[in-house]
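Structure file coords18.cif (mmCIF, N, CA, C and O atoms) follows.
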data_run
loop_
_atom_site.label_atom_id
_atom_site.label_comp_id
_atom_site.auth_asym_id
_atom_site.auth_seq_id
_atom_site.Cartn_x
_atom_site.Cartn_y
_atom_site.Cartn_z
N MET A 371 -27.27 27.56 -18.90
CA MET A 371 -27.04 28.86 -18.35
C MET A 371 -27.42 29.93 -19.38
O MET A 371 -27.41 29.66 -20.57
N LYS A 372 -27.74 31.09 -18.88
CA LYS A 372 -28.16 32.17 -19.77
C LYS A 372 -27.09 32.41 -20.83
O LYS A 372 -25.92 32.51 -20.53
N GLY A 373 -27.53 32.47 -22.07
CA GLY A 373 -26.61 32.71 -23.18
C GLY A 373 -26.20 31.45 -23.91
O GLY A 373 -25.68 31.53 -25.02
N ASP A 374 -26.39 30.26 -23.31
CA ASP A 374 -26.12 29.02 -24.03
C ASP A 374 -26.99 29.00 -25.28
O ASP A 374 -28.14 29.44 -25.25
N ARG A 375 -26.45 28.47 -26.36
CA ARG A 375 -27.27 28.38 -27.55
C ARG A 375 -26.88 27.19 -28.40
O ARG A 375 -25.76 26.69 -28.32
N VAL A 376 -27.81 26.75 -29.20
CA VAL A 376 -27.60 25.64 -30.12
C VAL A 376 -28.08 26.09 -31.49
O VAL A 376 -29.19 26.60 -31.62
N GLU A 377 -27.22 25.91 -32.49
CA GLU A 377 -27.59 26.23 -33.86
C GLU A 377 -27.86 24.92 -34.59
O GLU A 377 -27.09 23.97 -34.47
N ILE A 378 -28.94 24.87 -35.34
CA ILE A 378 -29.33 23.69 -36.09
C ILE A 378 -29.40 24.07 -37.56
O ILE A 378 -30.13 24.98 -37.93
N VAL A 379 -28.63 23.38 -38.40
CA VAL A 379 -28.64 23.62 -39.84
C VAL A 379 -29.40 22.46 -40.47
O VAL A 379 -29.05 21.29 -40.28
N VAL A 380 -30.46 22.80 -41.22
CA VAL A 380 -31.37 21.79 -41.77
C VAL A 380 -31.40 21.89 -43.29
O VAL A 380 -31.42 23.00 -43.85
N ASP A 381 -31.42 20.74 -43.96
CA ASP A 381 -31.57 20.68 -45.41
C ASP A 381 -33.03 20.95 -45.74
O ASP A 381 -33.93 20.23 -45.29
N ALA A 382 -33.27 21.98 -46.52
CA ALA A 382 -34.63 22.36 -46.89
C ALA A 382 -34.84 22.19 -48.39
O ALA A 382 -35.41 23.05 -49.07
N GLY A 383 -34.38 21.08 -48.92
CA GLY A 383 -34.55 20.83 -50.36
C GLY A 383 -33.42 21.44 -51.15
O GLY A 383 -32.31 20.93 -51.17
N ASP A 384 -33.67 22.56 -51.81
CA ASP A 384 -32.65 23.20 -52.63
C ASP A 384 -31.77 24.18 -51.86
O ASP A 384 -30.85 24.74 -52.41
N THR A 385 -32.04 24.37 -50.58
CA THR A 385 -31.27 25.32 -49.76
C THR A 385 -31.14 24.76 -48.33
O THR A 385 -31.65 23.69 -48.03
N THR A 386 -30.46 25.51 -47.49
CA THR A 386 -30.36 25.13 -46.08
C THR A 386 -30.97 26.24 -45.24
O THR A 386 -30.98 27.41 -45.64
N ARG A 387 -31.46 25.86 -44.08
CA ARG A 387 -32.00 26.84 -43.14
C ARG A 387 -31.31 26.65 -41.80
O ARG A 387 -31.03 25.53 -41.40
N THR A 388 -31.09 27.76 -41.12
CA THR A 388 -30.44 27.72 -39.81
C THR A 388 -31.41 28.20 -38.76
O THR A 388 -32.04 29.25 -38.90
N TYR A 389 -31.54 27.40 -37.71
CA TYR A 389 -32.39 27.74 -36.57
C TYR A 389 -31.51 27.84 -35.35
O TYR A 389 -30.44 27.24 -35.27
N GLU A 390 -31.96 28.61 -34.37
CA GLU A 390 -31.18 28.84 -33.16
C GLU A 390 -32.10 28.77 -31.94
O GLU A 390 -33.17 29.38 -31.94
N VAL A 391 -31.68 28.01 -30.93
CA VAL A 391 -32.39 27.96 -29.66
C VAL A 391 -31.45 28.52 -28.61
O VAL A 391 -30.32 28.04 -28.47
N VAL A 392 -31.91 29.55 -27.89
CA VAL A 392 -31.06 30.26 -26.93
C VAL A 392 -31.69 30.21 -25.55
O VAL A 392 -32.91 30.37 -25.42
N ALA A 393 -30.85 29.99 -24.53
CA ALA A 393 -31.32 30.08 -23.14
C ALA A 393 -31.38 31.57 -22.81
O ALA A 393 -30.37 32.22 -22.62
N GLY A 394 -32.58 32.11 -22.77
CA GLY A 394 -32.77 33.55 -22.69
C GLY A 394 -32.73 34.15 -21.30
O GLY A 394 -32.47 35.34 -21.14
N ARG A 395 -32.99 33.37 -20.28
CA ARG A 395 -33.02 33.90 -18.92
C ARG A 395 -32.03 33.19 -18.03
O ARG A 395 -31.60 32.07 -18.32
N ALA A 396 -31.70 33.82 -16.92
CA ALA A 396 -30.78 33.22 -15.96
C ALA A 396 -31.36 31.91 -15.42
O ALA A 396 -32.56 31.81 -15.15
N GLY A 397 -30.52 30.90 -15.31
CA GLY A 397 -30.95 29.62 -14.78
C GLY A 397 -31.49 28.66 -15.81
O GLY A 397 -31.75 27.51 -15.51
N ARG A 398 -31.64 29.10 -17.04
CA ARG A 398 -32.13 28.21 -18.08
C ARG A 398 -30.96 27.62 -18.85
O ARG A 398 -29.88 28.20 -18.92
N ARG A 399 -31.18 26.44 -19.41
CA ARG A 399 -30.16 25.78 -20.20
C ARG A 399 -30.80 25.19 -21.45
O ARG A 399 -32.01 25.11 -21.55
N VAL A 400 -29.97 24.79 -22.39
CA VAL A 400 -30.45 24.19 -23.63
C VAL A 400 -29.98 22.75 -23.66
O VAL A 400 -28.81 22.46 -23.46
N GLU A 401 -30.92 21.83 -23.89
CA GLU A 401 -30.61 20.40 -23.95
C GLU A 401 -30.96 19.86 -25.32
O GLU A 401 -31.93 20.29 -25.94
N THR A 402 -30.14 18.90 -25.79
CA THR A 402 -30.42 18.26 -27.07
C THR A 402 -30.63 16.77 -26.86
O THR A 402 -30.03 16.17 -25.96
N ALA A 403 -31.46 16.17 -27.69
CA ALA A 403 -31.71 14.74 -27.62
C ALA A 403 -32.05 14.24 -29.03
O ALA A 403 -32.69 14.94 -29.81
N VAL A 404 -31.58 13.03 -29.33
CA VAL A 404 -31.91 12.39 -30.59
C VAL A 404 -32.66 11.11 -30.25
O VAL A 404 -32.12 10.22 -29.61
N ARG A 405 -33.93 11.05 -30.64
CA ARG A 405 -34.78 9.91 -30.32
C ARG A 405 -35.60 9.51 -31.54
O ARG A 405 -36.28 10.36 -32.12
N ARG A 406 -35.53 8.25 -31.90
CA ARG A 406 -36.38 7.67 -32.93
C ARG A 406 -36.44 8.51 -34.21
O ARG A 406 -37.52 8.79 -34.74
N GLY A 407 -35.29 8.97 -34.67
CA GLY A 407 -35.25 9.71 -35.92
C GLY A 407 -35.63 11.18 -35.82
O GLY A 407 -35.84 11.84 -36.83
N VAL A 408 -35.72 11.69 -34.59
CA VAL A 408 -36.07 13.10 -34.38
C VAL A 408 -35.02 13.75 -33.49
O VAL A 408 -34.65 13.23 -32.45
N VAL A 409 -34.52 14.91 -33.92
CA VAL A 409 -33.61 15.71 -33.11
C VAL A 409 -34.47 16.72 -32.36
O VAL A 409 -35.24 17.47 -32.98
N GLU A 410 -34.32 16.75 -31.05
CA GLU A 410 -35.13 17.63 -30.21
C GLU A 410 -34.20 18.55 -29.42
O GLU A 410 -33.31 18.09 -28.72
N VAL A 411 -34.41 19.85 -29.54
CA VAL A 411 -33.62 20.85 -28.82
C VAL A 411 -34.59 21.62 -27.94
O VAL A 411 -35.55 22.21 -28.44
N SER A 412 -34.33 21.62 -26.61
CA SER A 412 -35.27 22.22 -25.66
C SER A 412 -34.58 23.23 -24.76
O SER A 412 -33.45 23.03 -24.35
N GLU A 413 -35.31 24.29 -24.44
CA GLU A 413 -34.88 25.24 -23.43
C GLU A 413 -35.55 24.80 -22.13
O GLU A 413 -36.77 24.64 -22.07
N VAL A 414 -34.74 24.57 -21.08
CA VAL A 414 -35.22 23.97 -19.85
C VAL A 414 -34.90 24.88 -18.67
O VAL A 414 -33.83 25.49 -18.62
N THR A 415 -35.83 24.96 -17.69
CA THR A 415 -35.60 25.76 -16.48
C THR A 415 -34.78 24.96 -15.47
O THR A 415 -34.49 23.78 -15.67
N ARG A 416 -34.42 25.61 -14.36
CA ARG A 416 -33.67 24.94 -13.30
C ARG A 416 -34.41 23.72 -12.77
O ARG A 416 -33.81 22.71 -12.44
N SER A 417 -35.73 23.83 -12.65
CA SER A 417 -36.52 22.74 -12.09
C SER A 417 -36.75 21.60 -13.09
O SER A 417 -37.27 20.56 -12.71
N GLY A 418 -36.37 21.80 -14.34
CA GLY A 418 -36.48 20.75 -15.34
C GLY A 418 -37.69 20.84 -16.24
O GLY A 418 -37.89 19.99 -17.11
N SER A 419 -38.51 21.87 -16.06
CA SER A 419 -39.68 21.99 -16.94
C SER A 419 -39.25 22.64 -18.27
O SER A 419 -38.44 23.56 -18.31
N VAL A 420 -39.82 22.15 -19.34
CA VAL A 420 -39.47 22.60 -20.68
C VAL A 420 -40.23 23.88 -21.01
O VAL A 420 -41.44 23.95 -20.85
N VAL A 421 -39.50 24.89 -21.47
CA VAL A 421 -40.09 26.17 -21.84
C VAL A 421 -40.52 26.13 -23.30
O VAL A 421 -41.63 26.52 -23.65
N ARG A 422 -39.62 25.68 -24.17
CA ARG A 422 -39.95 25.54 -25.58
C ARG A 422 -39.08 24.45 -26.19
O ARG A 422 -37.99 24.16 -25.70
N THR A 423 -39.56 23.88 -27.27
CA THR A 423 -38.87 22.76 -27.91
C THR A 423 -38.90 22.96 -29.43
O THR A 423 -39.91 23.38 -29.99
N ALA A 424 -37.79 22.62 -30.06
CA ALA A 424 -37.72 22.61 -31.53
C ALA A 424 -37.42 21.17 -31.94
O ALA A 424 -36.52 20.54 -31.39
N ARG A 425 -38.19 20.65 -32.90
CA ARG A 425 -38.01 19.27 -33.36
C ARG A 425 -37.73 19.27 -34.86
O ARG A 425 -38.38 19.98 -35.63
N PHE A 426 -36.77 18.41 -35.25
CA PHE A 426 -36.38 18.29 -36.64
C PHE A 426 -36.21 16.82 -36.98
O PHE A 426 -35.79 16.02 -36.13
N MET A 427 -36.49 16.44 -38.22
CA MET A 427 -36.23 15.08 -38.67
C MET A 427 -34.72 14.88 -38.74
O MET A 427 -34.01 15.69 -39.34
N ALA A 428 -34.23 13.81 -38.13
CA ALA A 428 -32.79 13.58 -38.02
C ALA A 428 -32.11 13.46 -39.39
O ALA A 428 -30.97 13.91 -39.56
N ASN A 429 -32.79 12.87 -40.37
CA ASN A 429 -32.16 12.71 -41.68
C ASN A 429 -32.05 14.03 -42.45
O ASN A 429 -31.37 14.10 -43.46
N ARG A 430 -32.69 15.10 -41.98
CA ARG A 430 -32.60 16.43 -42.60
C ARG A 430 -31.60 17.35 -41.90
O ARG A 430 -31.23 18.39 -42.45
N VAL A 431 -31.15 16.99 -40.71
CA VAL A 431 -30.23 17.83 -39.95
C VAL A 431 -28.82 17.65 -40.51
O VAL A 431 -28.30 16.54 -40.55
N LEU A 432 -28.21 18.75 -40.94
CA LEU A 432 -26.85 18.72 -41.47
C LEU A 432 -25.82 18.99 -40.38
O LEU A 432 -24.74 18.40 -40.39
N ALA A 433 -26.15 19.88 -39.44
CA ALA A 433 -25.21 20.22 -38.37
C ALA A 433 -25.98 20.64 -37.13
O ALA A 433 -27.05 21.25 -37.22
N LEU A 434 -25.41 20.28 -35.99
CA LEU A 434 -25.96 20.65 -34.69
C LEU A 434 -24.79 21.21 -33.89
O LEU A 434 -23.90 20.46 -33.49
N VAL A 435 -24.76 22.53 -33.70
CA VAL A 435 -23.61 23.19 -33.08
C VAL A 435 -24.01 23.73 -31.72
O VAL A 435 -24.86 24.63 -31.63
N GLU A 436 -23.41 23.18 -30.67
CA GLU A 436 -23.67 23.66 -29.31
C GLU A 436 -22.63 24.71 -28.96
O GLU A 436 -21.43 24.47 -29.12
N GLN A 437 -23.07 25.87 -28.50
CA GLN A 437 -22.17 26.97 -28.17
C GLN A 437 -22.43 27.41 -26.73
O GLN A 437 -23.23 28.32 -26.49
N PRO A 438 -21.73 26.78 -25.77
CA PRO A 438 -21.94 27.17 -24.37
C PRO A 438 -21.26 28.50 -24.07
O PRO A 438 -20.28 28.88 -24.70
N VAL A 439 -21.80 29.19 -23.08
CA VAL A 439 -21.21 30.44 -22.61
C VAL A 439 -20.02 30.08 -21.74
O VAL A 439 -20.13 29.19 -20.89
N PRO A 440 -18.88 30.74 -21.91
CA PRO A 440 -17.74 30.45 -21.02
C PRO A 440 -18.10 30.74 -19.57
O PRO A 440 -18.64 31.80 -19.26
N ARG A 441 -17.83 29.79 -18.70
CA ARG A 441 -18.17 29.94 -17.30
C ARG A 441 -16.91 30.26 -16.50
O ARG A 441 -15.85 29.72 -16.77
N GLU A 442 -17.08 31.13 -15.53
CA GLU A 442 -15.97 31.48 -14.64
C GLU A 442 -16.19 30.83 -13.29
O GLU A 442 -17.32 30.74 -12.81
N ASP A 443 -15.10 30.39 -12.67
CA ASP A 443 -15.17 29.81 -11.34
C ASP A 443 -15.35 30.96 -10.34
O ASP A 443 -14.56 31.90 -10.34
N PRO A 444 -16.39 30.93 -9.49
CA PRO A 444 -16.61 32.02 -8.53
C PRO A 444 -15.41 32.25 -7.60
O PRO A 444 -15.16 33.37 -7.20
N ALA A 445 -14.67 31.20 -7.29
CA ALA A 445 -13.49 31.35 -6.43
C ALA A 445 -12.41 32.17 -7.12
O ALA A 445 -11.70 32.95 -6.49
N GLU A 446 -12.27 31.98 -8.45
CA GLU A 446 -11.27 32.75 -9.20
C GLU A 446 -11.60 34.23 -9.25
O GLU A 446 -10.73 35.07 -9.10
N THR A 447 -12.85 34.57 -9.47
CA THR A 447 -13.22 35.97 -9.58
C THR A 447 -13.06 36.68 -8.24
O THR A 447 -12.68 37.85 -8.19
N ALA A 448 -13.32 35.98 -7.13
CA ALA A 448 -13.14 36.58 -5.81
C ALA A 448 -11.66 36.75 -5.49
O ALA A 448 -11.27 37.69 -4.81
N ALA A 449 -10.83 35.85 -5.99
CA ALA A 449 -9.39 35.91 -5.70
C ALA A 449 -8.70 37.02 -6.48
O ALA A 449 -7.65 37.52 -6.06
N ARG A 450 -9.26 37.45 -7.57
CA ARG A 450 -8.64 38.49 -8.39
C ARG A 450 -8.66 39.85 -7.71
O ARG A 450 -7.78 40.65 -7.92
N ARG A 451 -9.69 40.12 -6.93
CA ARG A 451 -9.86 41.45 -6.35
C ARG A 451 -10.09 41.32 -4.85
O ARG A 451 -10.99 40.63 -4.40
N PRO A 452 -9.28 41.98 -4.04
CA PRO A 452 -9.48 41.93 -2.59
C PRO A 452 -10.82 42.56 -2.20
O PRO A 452 -11.33 43.44 -2.88
N LEU A 453 -11.39 42.08 -1.11
CA LEU A 453 -12.65 42.63 -0.63
C LEU A 453 -12.52 44.10 -0.30
O LEU A 453 -11.51 44.55 0.22
N GLY A 454 -13.53 44.86 -0.60
CA GLY A 454 -13.55 46.28 -0.29
C GLY A 454 -12.87 47.14 -1.33
O GLY A 454 -12.94 48.36 -1.27
N GLU A 455 -12.19 46.54 -2.30
CA GLU A 455 -11.54 47.33 -3.33
C GLU A 455 -12.55 47.70 -4.41
O GLU A 455 -13.36 46.88 -4.84
N ASP A 456 -12.53 48.94 -4.81
CA ASP A 456 -13.46 49.43 -5.82
C ASP A 456 -13.00 48.92 -7.20
O ASP A 456 -11.88 49.16 -7.62
N PRO A 457 -13.87 48.20 -7.94
CA PRO A 457 -13.47 47.68 -9.24
C PRO A 457 -13.22 48.76 -10.28
O PRO A 457 -12.56 48.52 -11.28
N GLU A 458 -13.74 49.96 -10.08
CA GLU A 458 -13.57 51.04 -11.04
C GLU A 458 -12.21 51.72 -10.95
O GLU A 458 -11.74 52.33 -11.89
N SER A 459 -11.54 51.64 -9.80
CA SER A 459 -10.26 52.37 -9.66
C SER A 459 -9.07 51.59 -10.13
O SER A 459 -9.07 50.49 -10.43
#
For the structure just supplied, provide its representation as structure tokens.
Amino acid sequence: MKGDRVEIVVDAGDTTRTYEVVAGRAGRRVETAVRRGVVEVSEVTRSGSVVRTARFMANRVLALVEQPVPREDPAETAARRPLGEDPES
């Protein structure tokens, strides 16, 4: 979902580097996968096509932090305010 993000902290020899992959548009999500010694973080559309991918060697990755956007239940938001009521008043 829009706003989901994953932070990747990588060992760069004498220092660390932080990279961030963010789902920038509505309907996009961020997926992570670890395959054959490679960490892959991808931004994916609703239909499943990959928009962009970041790849890192798994032995260099120090931290992989997934930060999802808090989601609200549509039924809860509708129940809070009766229909026809102005949200500004």
Answer as an NGL selection string, residues within 7 Å of (-27.4, 24.1, -35.8) using only C-alpha atoms: :A and (376-379 or 388-390 or 433-435)
Rank nothing, just name the residue among A:Arg441, A:Leu432, A:Ser417, A:Asp374 nearest to Arg395 of chain A, using all atoms listed in the file.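 Nearest candidate to Arg395 of chain A out of A:Arg441, A:Leu432, A:Ser417, A:Asp374: A:Asp374.
For the pair atom CA of Val439 of chain A and atom CA of Met427 of chain A, the interatomic distance is 26.8 Å.
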Pick out the residues sitting within 8 Å of Val400 of chain A, and hand them over as number ranges by chain; count all atoms listed in the file, and ignore anything fewer than 2 positions along from it in its own chain. A: 371-376, 391-394, 397-398, 402-403, 410-415, 422, 436
Nearby residues, (-32.6, 14.6, -44.7) file frame, 8 Å, all atoms listed in the file, as number ranges by chain: A: 380-383, 427-432
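Nearest to Arg405 of chain A of all the residues A:Phe426, A:Ser419, A:Arg387, A:Pro440 is A:Phe426, counting all atoms listed in the file.
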Atom O of Val404 of chain A to atom N of Arg416 of chain A, distance in Å rounded to a single decimal: 21.8 Å
Just give me the gap between atom C of Thr423 of chain A and atom C of Arg406 of chain A in Å, one decimal is fine.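 So the answer is 15.4 Å.
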All heavy atoms for segment 395-406 of chain A, written as an mmCIF file, keeping the file's coordinate frame, could you do that?
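Saved result, rebuild_22.cif, follows:
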data_model
loop_
_atom_site.group_PDB
_atom_site.id
_atom_site.type_symbol
_atom_site.label_atom_id
_atom_site.label_comp_id
_atom_site.auth_asym_id
_atom_site.auth_seq_id
_atom_site.Cartn_x
_atom_site.Cartn_y
_atom_site.Cartn_z
ATOM 1 N N ARG A 395 -32.990 33.370 -20.280
ATOM 2 C CA ARG A 395 -33.020 33.900 -18.920
ATOM 3 C C ARG A 395 -32.030 33.190 -18.030
ATOM 4 O O ARG A 395 -31.600 32.070 -18.320
ATOM 5 C CB ARG A 395 -34.417 33.729 -18.333
ATOM 6 C CG ARG A 395 -35.438 34.614 -18.960
ATOM 7 C CD ARG A 395 -36.719 34.478 -18.215
ATOM 8 N NE ARG A 395 -37.572 35.619 -18.466
ATOM 9 C CZ ARG A 395 -38.774 35.740 -17.974
ATOM 10 N NH1 ARG A 395 -39.269 34.803 -17.200
ATOM 11 N NH2 ARG A 395 -39.499 36.788 -18.245
ATOM 12 N N ALA A 396 -31.700 33.820 -16.920
ATOM 13 C CA ALA A 396 -30.780 33.220 -15.960
ATOM 14 C C ALA A 396 -31.360 31.910 -15.420
ATOM 15 O O ALA A 396 -32.560 31.810 -15.150
ATOM 16 C CB ALA A 396 -30.507 34.180 -14.811
ATOM 17 N N GLY A 397 -30.520 30.900 -15.310
ATOM 18 C CA GLY A 397 -30.950 29.620 -14.780
ATOM 19 C C GLY A 397 -31.490 28.660 -15.810
ATOM 20 O O GLY A 397 -31.750 27.510 -15.510
ATOM 21 N N ARG A 398 -31.640 29.100 -17.040
ATOM 22 C CA ARG A 398 -32.130 28.210 -18.080
ATOM 23 C C ARG A 398 -30.960 27.620 -18.850
ATOM 24 O O ARG A 398 -29.880 28.200 -18.920
ATOM 25 C CB ARG A 398 -33.067 28.930 -19.022
ATOM 26 C CG ARG A 398 -34.341 29.311 -18.322
ATOM 27 C CD ARG A 398 -35.386 29.762 -19.276
ATOM 28 N NE ARG A 398 -36.605 30.092 -18.548
ATOM 29 C CZ ARG A 398 -37.596 30.747 -19.074
ATOM 30 N NH1 ARG A 398 -37.550 31.145 -20.317
ATOM 31 N NH2 ARG A 398 -38.672 31.005 -18.344
ATOM 32 N N ARG A 399 -31.180 26.440 -19.410
ATOM 33 C CA ARG A 399 -30.160 25.780 -20.200
ATOM 34 C C ARG A 399 -30.800 25.190 -21.450
ATOM 35 O O ARG A 399 -32.010 25.110 -21.550
ATOM 36 C CB ARG A 399 -29.465 24.689 -19.376
ATOM 37 C CG ARG A 399 -30.381 23.585 -18.941
ATOM 38 C CD ARG A 399 -29.697 22.610 -17.988
ATOM 39 N NE ARG A 399 -30.567 21.497 -17.669
ATOM 40 C CZ ARG A 399 -31.482 21.496 -16.723
ATOM 41 N NH1 ARG A 399 -31.660 22.559 -15.983
ATOM 42 N NH2 ARG A 399 -32.226 20.431 -16.506
ATOM 43 N N VAL A 400 -29.970 24.790 -22.390
ATOM 44 C CA VAL A 400 -30.450 24.190 -23.630
ATOM 45 C C VAL A 400 -29.980 22.750 -23.660
ATOM 46 O O VAL A 400 -28.810 22.460 -23.460
ATOM 47 C CB VAL A 400 -29.927 24.957 -24.866
ATOM 48 C CG1 VAL A 400 -30.419 24.316 -26.143
ATOM 49 C CG2 VAL A 400 -30.353 26.411 -24.820
ATOM 50 N N GLU A 401 -30.920 21.830 -23.890
ATOM 51 C CA GLU A 401 -30.610 20.400 -23.950
ATOM 52 C C GLU A 401 -30.960 19.860 -25.320
ATOM 53 O O GLU A 401 -31.930 20.290 -25.940
ATOM 54 C CB GLU A 401 -31.405 19.630 -22.893
ATOM 55 C CG GLU A 401 -31.015 19.975 -21.478
ATOM 56 C CD GLU A 401 -31.783 19.164 -20.450
ATOM 57 O OE1 GLU A 401 -32.742 18.453 -20.830
ATOM 58 O OE2 GLU A 401 -31.419 19.245 -19.276
ATOM 59 N N THR A 402 -30.140 18.900 -25.790
ATOM 60 C CA THR A 402 -30.420 18.260 -27.070
ATOM 61 C C THR A 402 -30.630 16.770 -26.860
ATOM 62 O O THR A 402 -30.030 16.170 -25.960
ATOM 63 C CB THR A 402 -29.251 18.464 -28.061
ATOM 64 O OG1 THR A 402 -28.075 17.920 -27.493
ATOM 65 C CG2 THR A 402 -29.030 19.922 -28.363
ATOM 66 N N ALA A 403 -31.460 16.170 -27.690
ATOM 67 C CA ALA A 403 -31.710 14.740 -27.620
ATOM 68 C C ALA A 403 -32.050 14.240 -29.030
ATOM 69 O O ALA A 403 -32.690 14.940 -29.810
ATOM 70 C CB ALA A 403 -32.859 14.432 -26.680
ATOM 71 N N VAL A 404 -31.580 13.030 -29.330
ATOM 72 C CA VAL A 404 -31.910 12.390 -30.590
ATOM 73 C C VAL A 404 -32.660 11.110 -30.250
ATOM 74 O O VAL A 404 -32.120 10.220 -29.610
ATOM 75 C CB VAL A 404 -30.652 12.068 -31.416
ATOM 76 C CG1 VAL A 404 -31.033 11.410 -32.731
ATOM 77 C CG2 VAL A 404 -29.844 13.320 -31.661
ATOM 78 N N ARG A 405 -33.930 11.050 -30.640
ATOM 79 C CA ARG A 405 -34.780 9.910 -30.320
ATOM 80 C C ARG A 405 -35.600 9.510 -31.540
ATOM 81 O O ARG A 405 -36.280 10.360 -32.120
ATOM 82 C CB ARG A 405 -35.749 10.263 -29.200
ATOM 83 C CG ARG A 405 -35.100 10.575 -27.907
ATOM 84 C CD ARG A 405 -36.172 10.773 -26.830
ATOM 85 N NE ARG A 405 -35.564 11.426 -25.699
ATOM 86 C CZ ARG A 405 -35.850 12.650 -25.292
ATOM 87 N NH1 ARG A 405 -36.753 13.353 -25.918
ATOM 88 N NH2 ARG A 405 -35.249 13.163 -24.243
ATOM 89 N N ARG A 406 -35.530 8.250 -31.900
ATOM 90 C CA ARG A 406 -36.380 7.670 -32.930
ATOM 91 C C ARG A 406 -36.440 8.510 -34.210
ATOM 92 O O ARG A 406 -37.520 8.790 -34.740
ATOM 93 C CB ARG A 406 -37.788 7.463 -32.398
ATOM 94 C CG ARG A 406 -37.799 6.681 -31.119
ATOM 95 C CD ARG A 406 -39.154 6.305 -30.719
ATOM 96 N NE ARG A 406 -39.393 4.991 -31.334
ATOM 97 C CZ ARG A 406 -40.547 4.389 -31.357
ATOM 98 N NH1 ARG A 406 -41.597 4.958 -30.840
ATOM 99 N NH2 ARG A 406 -40.672 3.209 -31.897
#
